[in-house]
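Written below as structure tokens is the structure these notes are about.
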Amino acid sequence: MSRKLVAYFSATGTTGKTAEMIAKAADADLYEIKPATPYTKADLNWMDKKSRSSVEMSDKKYRPELADTDADIAKYDEILIGFPIWWYVAPTIINTFLESYDFSGKKIVLFATSGGSGFGNTVKELKPSAPNADIVEGKILNGASKAEITQWIQSL
């Protein structure tokens with residue numbers, strides 16, 4: 001049996017709730033990917049081109065700083081990484097997380113919450129941040145029930 005970790009970034013709590021349900025269904029450990037500076041409501045205003053999230057997402061090389069890098073990635077075989085979809089891809093803090101650890105030989109399964117878009121180019125944009133990992137597109141889990149999440153976990 002492989003050791004699983006559910007690592008997630010949640011700016012407003014939505015993805016966090018989903019991650020908790022996934023960790024329970026997968027009998028996995030849970031790790032929150034936290035920015036050094038938490039996002040405010042103003043930071044997340046995608047209508048404002050000068051908001052923090054807009055600035056970060058318009059520069060693909062931008063890497064928000066993490067609050068910590070104490071996840072023990074080495075002890076896991078499979079890592080499920082969750083995040084909200086921002087501008088049709090993962091927020092750049094996910095790149096920061098991937099670049100902060102050695103994911104060589106690990107299977108990474110993505111899951112996300114979204115206001116309406118799919119994964120877009122997420123796998124393609126994350127691959128350079130963990131080049132020796134097997135990154136696979138998982139599922140958009142907006143308001144998924146416990147049964148839906150359990151079924152998805154069992155299909156992995």
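Simple scheme: letters A, B, ... for chains in structure tokens order, numbers from 1 for residues in each chain, numbers from 1 for ligands in the order shown.
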**Message:** When you look at Glu65 (chain A) with a cut-off of 8 Å (counting only C-alpha atoms), what residues show up, excluding the ones that are within fewer than 6 positions of it in the same chain? I need them as a ChimeraX atom specification.
**Reply:** /A:35-37,93,96
**Request:** Could you find all residues in region 72-117 of chain A that DSSP calls helix (DSSP H, G or I) from the backbone, and write them as a VMD selection string?
**Result:** chain A and resid 73 to 75 92 to 99
Take the residues from that selection and put them in a file with all heavy atoms, as a PDB file, in the first residue's frame.
```pdb
ATOM      1  N   ILE A  73       8.091  15.132   1.988  1.00  0.00           N
ATOM      2  CA  ILE A  73       7.696  14.553   0.700  1.00  0.00           C
ATOM      3  C   ILE A  73       8.327  13.173   0.473  1.00  0.00           C
ATOM      4  O   ILE A  73       7.711  12.285  -0.108  1.00  0.00           O
ATOM      5  CB  ILE A  73       8.077  15.508  -0.458  1.00  0.00           C
ATOM      6  CG1 ILE A  73       7.324  16.840  -0.329  1.00  0.00           C
ATOM      7  CG2 ILE A  73       7.834  14.872  -1.817  1.00  0.00           C
ATOM      8  CD1 ILE A  73       5.819  16.737  -0.332  1.00  0.00           C
ATOM      9  N   ALA A  74       9.538  12.976   0.964  1.00  0.00           N
ATOM     10  CA  ALA A  74      10.262  11.720   0.725  1.00  0.00           C
ATOM     11  C   ALA A  74       9.498  10.484   1.195  1.00  0.00           C
ATOM     12  O   ALA A  74       9.654   9.411   0.619  1.00  0.00           O
ATOM     13  CB  ALA A  74      11.632  11.771   1.399  1.00  0.00           C
ATOM     14  N   LYS A  75       8.662  10.611   2.196  1.00  0.00           N
ATOM     15  CA  LYS A  75       7.990   9.422   2.728  1.00  0.00           C
ATOM     16  C   LYS A  75       6.703   9.049   1.994  1.00  0.00           C
ATOM     17  O   LYS A  75       6.053   8.078   2.355  1.00  0.00           O
ATOM     18  CB  LYS A  75       7.740   9.573   4.231  1.00  0.00           C
ATOM     19  CG  LYS A  75       6.661  10.515   4.647  1.00  0.00           C
ATOM     20  CD  LYS A  75       6.579  10.524   6.180  1.00  0.00           C
ATOM     21  CE  LYS A  75       5.303  11.141   6.669  1.00  0.00           C
ATOM     22  NZ  LYS A  75       5.222  11.131   8.132  1.00  0.00           N
ATOM     23  N   THR A  92       0.430  30.221  -9.154  1.00  0.00           N
ATOM     24  CA  THR A  92       1.881  30.037  -9.209  1.00  0.00           C
ATOM     25  C   THR A  92       2.485  29.548  -7.884  1.00  0.00           C
ATOM     26  O   THR A  92       3.600  29.036  -7.883  1.00  0.00           O
ATOM     27  CB  THR A  92       2.598  31.325  -9.675  1.00  0.00           C
ATOM     28  OG1 THR A  92       2.179  32.408  -8.828  1.00  0.00           O
ATOM     29  CG2 THR A  92       2.274  31.643 -11.116  1.00  0.00           C
ATOM     30  N   ILE A  93       1.743  29.652  -6.788  1.00  0.00           N
ATOM     31  CA  ILE A  93       2.246  29.113  -5.518  1.00  0.00           C
ATOM     32  C   ILE A  93       2.400  27.586  -5.614  1.00  0.00           C
ATOM     33  O   ILE A  93       3.215  26.992  -4.911  1.00  0.00           O
ATOM     34  CB  ILE A  93       1.370  29.526  -4.314  1.00  0.00           C
ATOM     35  CG1 ILE A  93       2.131  29.252  -3.009  1.00  0.00           C
ATOM     36  CG2 ILE A  93       0.007  28.828  -4.362  1.00  0.00           C
ATOM     37  CD1 ILE A  93       1.520  29.910  -1.787  1.00  0.00           C
ATOM     38  N   ILE A  94       1.662  26.948  -6.509  1.00  0.00           N
ATOM     39  CA  ILE A  94       1.816  25.502  -6.712  1.00  0.00           C
ATOM     40  C   ILE A  94       3.177  25.222  -7.354  1.00  0.00           C
ATOM     41  O   ILE A  94       3.858  24.261  -6.992  1.00  0.00           O
ATOM     42  CB  ILE A  94       0.649  24.907  -7.532  1.00  0.00           C
ATOM     43  CG1 ILE A  94      -0.689  25.158  -6.818  1.00  0.00           C
ATOM     44  CG2 ILE A  94       0.867  23.417  -7.794  1.00  0.00           C
ATOM     45  CD1 ILE A  94      -0.795  24.568  -5.411  1.00  0.00           C
ATOM     46  N   ASN A  95       3.604  26.077  -8.272  1.00  0.00           N
ATOM     47  CA  ASN A  95       4.955  25.946  -8.838  1.00  0.00           C
ATOM     48  C   ASN A  95       5.998  26.113  -7.728  1.00  0.00           C
ATOM     49  O   ASN A  95       6.973  25.364  -7.671  1.00  0.00           O
ATOM     50  CB  ASN A  95       5.204  26.982  -9.934  1.00  0.00           C
ATOM     51  CG  ASN A  95       4.316  26.804 -11.127  1.00  0.00           C
ATOM     52  OD1 ASN A  95       3.201  27.332 -11.147  1.00  0.00           O
ATOM     53  ND2 ASN A  95       4.767  26.067 -12.120  1.00  0.00           N
ATOM     54  N   THR A  96       5.791  27.105  -6.858  1.00  0.00           N
ATOM     55  CA  THR A  96       6.722  27.319  -5.744  1.00  0.00           C
ATOM     56  C   THR A  96       6.832  26.046  -4.912  1.00  0.00           C
ATOM     57  O   THR A  96       7.933  25.608  -4.567  1.00  0.00           O
ATOM     58  CB  THR A  96       6.238  28.475  -4.834  1.00  0.00           C
ATOM     59  OG1 THR A  96       6.003  29.644  -5.602  1.00  0.00           O
ATOM     60  CG2 THR A  96       7.265  28.773  -3.742  1.00  0.00           C
ATOM     61  N   PHE A  97       5.696  25.448  -4.582  1.00  0.00           N
ATOM     62  CA  PHE A  97       5.667  24.214  -3.782  1.00  0.00           C
ATOM     63  C   PHE A  97       6.433  23.098  -4.487  1.00  0.00           C
ATOM     64  O   PHE A  97       7.290  22.443  -3.888  1.00  0.00           O
ATOM     65  CB  PHE A  97       4.217  23.810  -3.515  1.00  0.00           C
ATOM     66  CG  PHE A  97       4.064  22.521  -2.764  1.00  0.00           C
ATOM     67  CD1 PHE A  97       4.372  22.449  -1.408  1.00  0.00           C
ATOM     68  CD2 PHE A  97       3.611  21.377  -3.400  1.00  0.00           C
ATOM     69  CE1 PHE A  97       4.230  21.253  -0.707  1.00  0.00           C
ATOM     70  CE2 PHE A  97       3.464  20.182  -2.709  1.00  0.00           C
ATOM     71  CZ  PHE A  97       3.779  20.123  -1.356  1.00  0.00           C
ATOM     72  N   LEU A  98       6.143  22.888  -5.763  1.00  0.00           N
ATOM     73  CA  LEU A  98       6.813  21.815  -6.517  1.00  0.00           C
ATOM     74  C   LEU A  98       8.319  22.033  -6.608  1.00  0.00           C
ATOM     75  O   LEU A  98       9.099  21.084  -6.555  1.00  0.00           O
ATOM     76  CB  LEU A  98       6.205  21.691  -7.910  1.00  0.00           C
ATOM     77  CG  LEU A  98       4.769  21.171  -7.973  1.00  0.00           C
ATOM     78  CD1 LEU A  98       4.226  21.266  -9.393  1.00  0.00           C
ATOM     79  CD2 LEU A  98       4.673  19.750  -7.445  1.00  0.00           C
ATOM     80  N   GLU A  99       8.738  23.284  -6.743  1.00  0.00           N
ATOM     81  CA  GLU A  99      10.161  23.608  -6.875  1.00  0.00           C
ATOM     82  C   GLU A  99      10.904  23.571  -5.533  1.00  0.00           C
ATOM     83  O   GLU A  99      12.129  23.594  -5.504  1.00  0.00           O
ATOM     84  CB  GLU A  99      10.324  24.975  -7.540  1.00  0.00           C
ATOM     85  CG  GLU A  99       9.880  24.945  -8.990  1.00  0.00           C
ATOM     86  CD  GLU A  99       9.655  26.316  -9.613  1.00  0.00           C
ATOM     87  OE1 GLU A  99       9.965  27.349  -8.967  1.00  0.00           O
ATOM     88  OE2 GLU A  99       9.152  26.357 -10.750  1.00  0.00           O
TER      89      GLU A  99
END
```
**Message:** Need the shell around Lys4 (chain A): protein/DNA/RNA residues with any atom at most 6 Å away, counting only C-alpha atoms. Skip same-chain ones fewer than 2 positions apart. Format as number ranges by chain?
**Reply:** A: 28, 76, 78-79
Grab the residues selected above and save them as a short mmCIF file (atom, residue, chain, number, x, y, z; two decimals), in the first residue's frame with all heavy atoms.
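And here's part_8.cif as it stands now:
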```cif
data_model
loop_
_atom_site.label_atom_id
_atom_site.label_comp_id
_atom_site.auth_asym_id
_atom_site.auth_seq_id
_atom_site.Cartn_x
_atom_site.Cartn_y
_atom_site.Cartn_z
N ALA A 28 -5.15 9.41 3.77
CA ALA A 28 -3.89 10.09 3.47
C ALA A 28 -3.61 11.18 4.50
O ALA A 28 -4.52 11.67 5.17
CB ALA A 28 -3.98 10.73 2.08
N TYR A 76 6.37 9.78 0.93
CA TYR A 76 5.12 9.51 0.19
C TYR A 76 5.42 9.01 -1.22
O TYR A 76 6.37 9.46 -1.86
CB TYR A 76 4.26 10.77 0.12
CG TYR A 76 3.87 11.27 1.48
CD1 TYR A 76 4.54 12.33 2.08
CD2 TYR A 76 2.85 10.65 2.20
CE1 TYR A 76 4.21 12.77 3.34
CE2 TYR A 76 2.51 11.09 3.47
CZ TYR A 76 3.19 12.15 4.03
OH TYR A 76 2.86 12.58 5.30
N GLU A 78 2.65 8.79 -3.46
CA GLU A 78 1.66 9.49 -4.27
C GLU A 78 1.23 10.76 -3.54
O GLU A 78 0.95 10.73 -2.34
CB GLU A 78 0.45 8.59 -4.51
CG GLU A 78 -0.58 9.16 -5.44
CD GLU A 78 -1.67 8.15 -5.79
OE1 GLU A 78 -2.51 7.87 -4.92
OE2 GLU A 78 -1.65 7.65 -6.92
N ILE A 79 1.21 11.86 -4.28
CA ILE A 79 0.82 13.14 -3.71
C ILE A 79 -0.34 13.68 -4.53
O ILE A 79 -0.24 13.82 -5.75
CB ILE A 79 1.99 14.15 -3.70
CG1 ILE A 79 3.14 13.64 -2.81
CG2 ILE A 79 1.53 15.50 -3.17
CD1 ILE A 79 4.27 13.04 -3.53
#
```
**Request:** Identify which of the residues A:Glu56, A:Asp43, A:Asp77, A:Asp48 lies closest to Asp29 (chain A), counting only C-alpha atoms when measuring atom-to-atom distances.
**Result:**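 Of A:Glu56, A:Asp43, A:Asp77, A:Asp48, the one nearest Asp29 (chain A), counting only C-alpha atoms, is A:Asp77.
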Listing only residues of region 8-64 of chain A within 10 Å of region 105-112 of chain A, what is the closest atom pair and its distance in Å (to one decimal) for each, using only C-alpha atoms, sorted by chain and residue number ascending, as a tab-separated table?
```
residue	atom	partner	partner_atom	distance
A:Tyr8	CA	A:Phe111	CA	9.0
A:Phe9	CA	A:Ala112	CA	9.6
A:Ser10	CA	A:Ala112	CA	9.8
A:Thr14	CA	A:Ala112	CA	9.8
A:Thr15	CA	A:Ala112	CA	7.0
A:Thr18	CA	A:Ala112	CA	8.7
A:Ala19	CA	A:Phe111	CA	8.7
A:Ile22	CA	A:Phe111	CA	9.7
```
**Residue neighbourhood Asp59 (chain A), 12 Å, only C-alpha atoms, exclusion window fewer than 6 positions, as a list in words** = Arg52, Ser53, Trp87, Pro91 and Thr92 of chain A
Mind the document's chain letters and residue numbers, and return as a tab-separated table (two decimals) with N, CA and C atoms, in the first residue's frame the residues of region 7-146 of chain A that DSSP labels strand (DSSP E).
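Result file out_2.tsv:
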```tsv
chain	number	residue	atom	x	y	z
A	7	ALA	N	-1.82	17.46	-0.45
A	7	ALA	CA	-1.28	18.80	-0.23
A	7	ALA	C	-2.18	19.78	-0.98
A	8	TYR	N	-2.52	20.88	-0.34
A	8	TYR	CA	-3.46	21.79	-0.99
A	8	TYR	C	-3.17	23.24	-0.66
A	29	ASP	N	-2.35	11.56	4.60
A	29	ASP	CA	-1.97	12.69	5.43
A	29	ASP	C	-2.38	13.98	4.70
A	30	LEU	N	-2.52	15.06	5.46
A	30	LEU	CA	-2.97	16.33	4.91
A	30	LEU	C	-1.93	17.41	5.18
A	31	TYR	N	-1.63	18.22	4.17
A	31	TYR	CA	-0.65	19.29	4.31
A	31	TYR	C	-1.17	20.53	3.59
A	32	GLU	N	-1.21	21.64	4.30
A	32	GLU	CA	-1.66	22.89	3.67
A	32	GLU	C	-0.46	23.67	3.13
A	78	GLU	N	2.65	8.79	-3.46
A	78	GLU	CA	1.66	9.49	-4.27
A	78	GLU	C	1.23	10.76	-3.54
A	79	ILE	N	1.21	11.86	-4.28
A	79	ILE	CA	0.82	13.14	-3.71
A	79	ILE	C	-0.34	13.68	-4.53
A	80	LEU	N	-1.44	13.95	-3.86
A	80	LEU	CA	-2.59	14.59	-4.51
A	80	LEU	C	-2.47	16.07	-4.18
A	81	ILE	N	-2.39	16.90	-5.20
A	81	ILE	CA	-2.21	18.33	-4.98
A	81	ILE	C	-3.46	19.06	-5.46
A	82	GLY	N	-4.02	19.86	-4.55
A	82	GLY	CA	-5.25	20.59	-4.85
A	82	GLY	C	-5.07	22.09	-4.78
A	83	PHE	N	-5.89	22.78	-5.55
A	83	PHE	CA	-5.81	24.23	-5.65
A	83	PHE	C	-7.05	24.75	-6.36
A	84	PRO	N	-7.32	26.05	-6.20
A	84	PRO	CA	-8.37	26.66	-7.02
A	84	PRO	C	-7.77	26.97	-8.39
A	107	LYS	N	4.27	10.05	-8.03
A	107	LYS	CA	3.07	10.26	-8.83
A	107	LYS	C	2.31	11.42	-8.18
A	108	ILE	N	2.02	12.43	-8.99
A	108	ILE	CA	1.27	13.60	-8.52
A	108	ILE	C	-0.06	13.63	-9.26
A	109	VAL	N	-1.14	13.58	-8.50
A	109	VAL	CA	-2.47	13.65	-9.08
A	109	VAL	C	-3.07	14.99	-8.68
A	110	LEU	N	-3.51	15.74	-9.66
A	110	LEU	CA	-4.06	17.08	-9.41
A	110	LEU	C	-5.57	17.03	-9.18
A	111	PHE	N	-6.04	17.88	-8.30
A	111	PHE	CA	-7.47	18.11	-8.16
A	111	PHE	C	-7.65	19.61	-7.95
A	112	ALA	N	-8.81	20.10	-8.30
A	112	ALA	CA	-9.02	21.54	-8.22
A	112	ALA	C	-10.48	21.87	-7.95
A	113	THR	N	-10.67	23.11	-7.53
A	113	THR	CA	-11.99	23.70	-7.46
A	113	THR	C	-11.95	24.87	-8.44
A	134	ASP	N	5.64	12.15	-12.18
A	134	ASP	CA	4.56	11.82	-13.11
A	134	ASP	C	3.34	12.64	-12.67
A	135	ILE	N	3.09	13.76	-13.36
A	135	ILE	CA	1.96	14.64	-13.01
A	135	ILE	C	0.78	14.29	-13.90
A	136	VAL	N	-0.34	13.96	-13.27
A	136	VAL	CA	-1.54	13.62	-14.03
A	136	VAL	C	-2.70	14.52	-13.64
A	137	GLU	N	-3.48	14.86	-14.64
A	137	GLU	CA	-4.68	15.66	-14.42
A	137	GLU	C	-5.70	14.78	-13.71
A	138	GLY	N	-6.17	15.25	-12.60
A	138	GLY	CA	-7.16	14.50	-11.84
A	138	GLY	C	-8.57	14.94	-12.16
A	139	LYS	N	-9.15	15.71	-11.25
A	139	LYS	CA	-10.56	16.03	-11.39
A	139	LYS	C	-10.86	17.40	-10.80
A	140	ILE	N	-11.80	18.10	-11.43
A	140	ILE	CA	-12.37	19.32	-10.85
A	140	ILE	C	-13.46	18.85	-9.90
```
**Asked** At what distance in Å, to one decimal, does CA of Ile149 (chain A) lie from CA of Arg3 (chain A)?
**Response**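 Atom-to-atom, CA of Arg3 (chain A) and CA of Ile149 (chain A) are spaced 18.2 Å apart.
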**Prompt:** Which one is closest to Tyr88 (chain A): A:Leu5, A:Ala67, A:Lys124, A:Tyr101? Count only C-alpha atoms.
**Reply:**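 When distances to Tyr88 (chain A) are compared using only C-alpha atoms, the smallest one comes from A:Lys124.
Atom pair CA of Pro128 (chain A) / CA of Thr69 (chain A) has a distance of 19.2 Å (rounded to one decimal).
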**Request:** Considering only C-alpha atoms, return as number ranges by chain whatever protein or nucleic-acid residues lie within 12 Å of Asn45 (chain A), sequence-local ones (same chain, fewer than 3 positions apart) excluded.
**Result:** A: 11, 39-42, 48-55, 86-87
**Request:** Rank nothing, just name the residue among A:Ala90, A:Leu44, A:Gly13, A:Asp68 nearest to Glu125 (chain A), using only C-alpha atoms.
**Result:**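 When distances to Glu125 (chain A) are compared using only C-alpha atoms, the smallest one comes from A:Ala90.
If you measure from each of A:Val123, A:Leu66, A:Lys60, A:Ile85 to Ser100 (chain A) using only C-alpha atoms, the closest one turns out to be A:Leu66.
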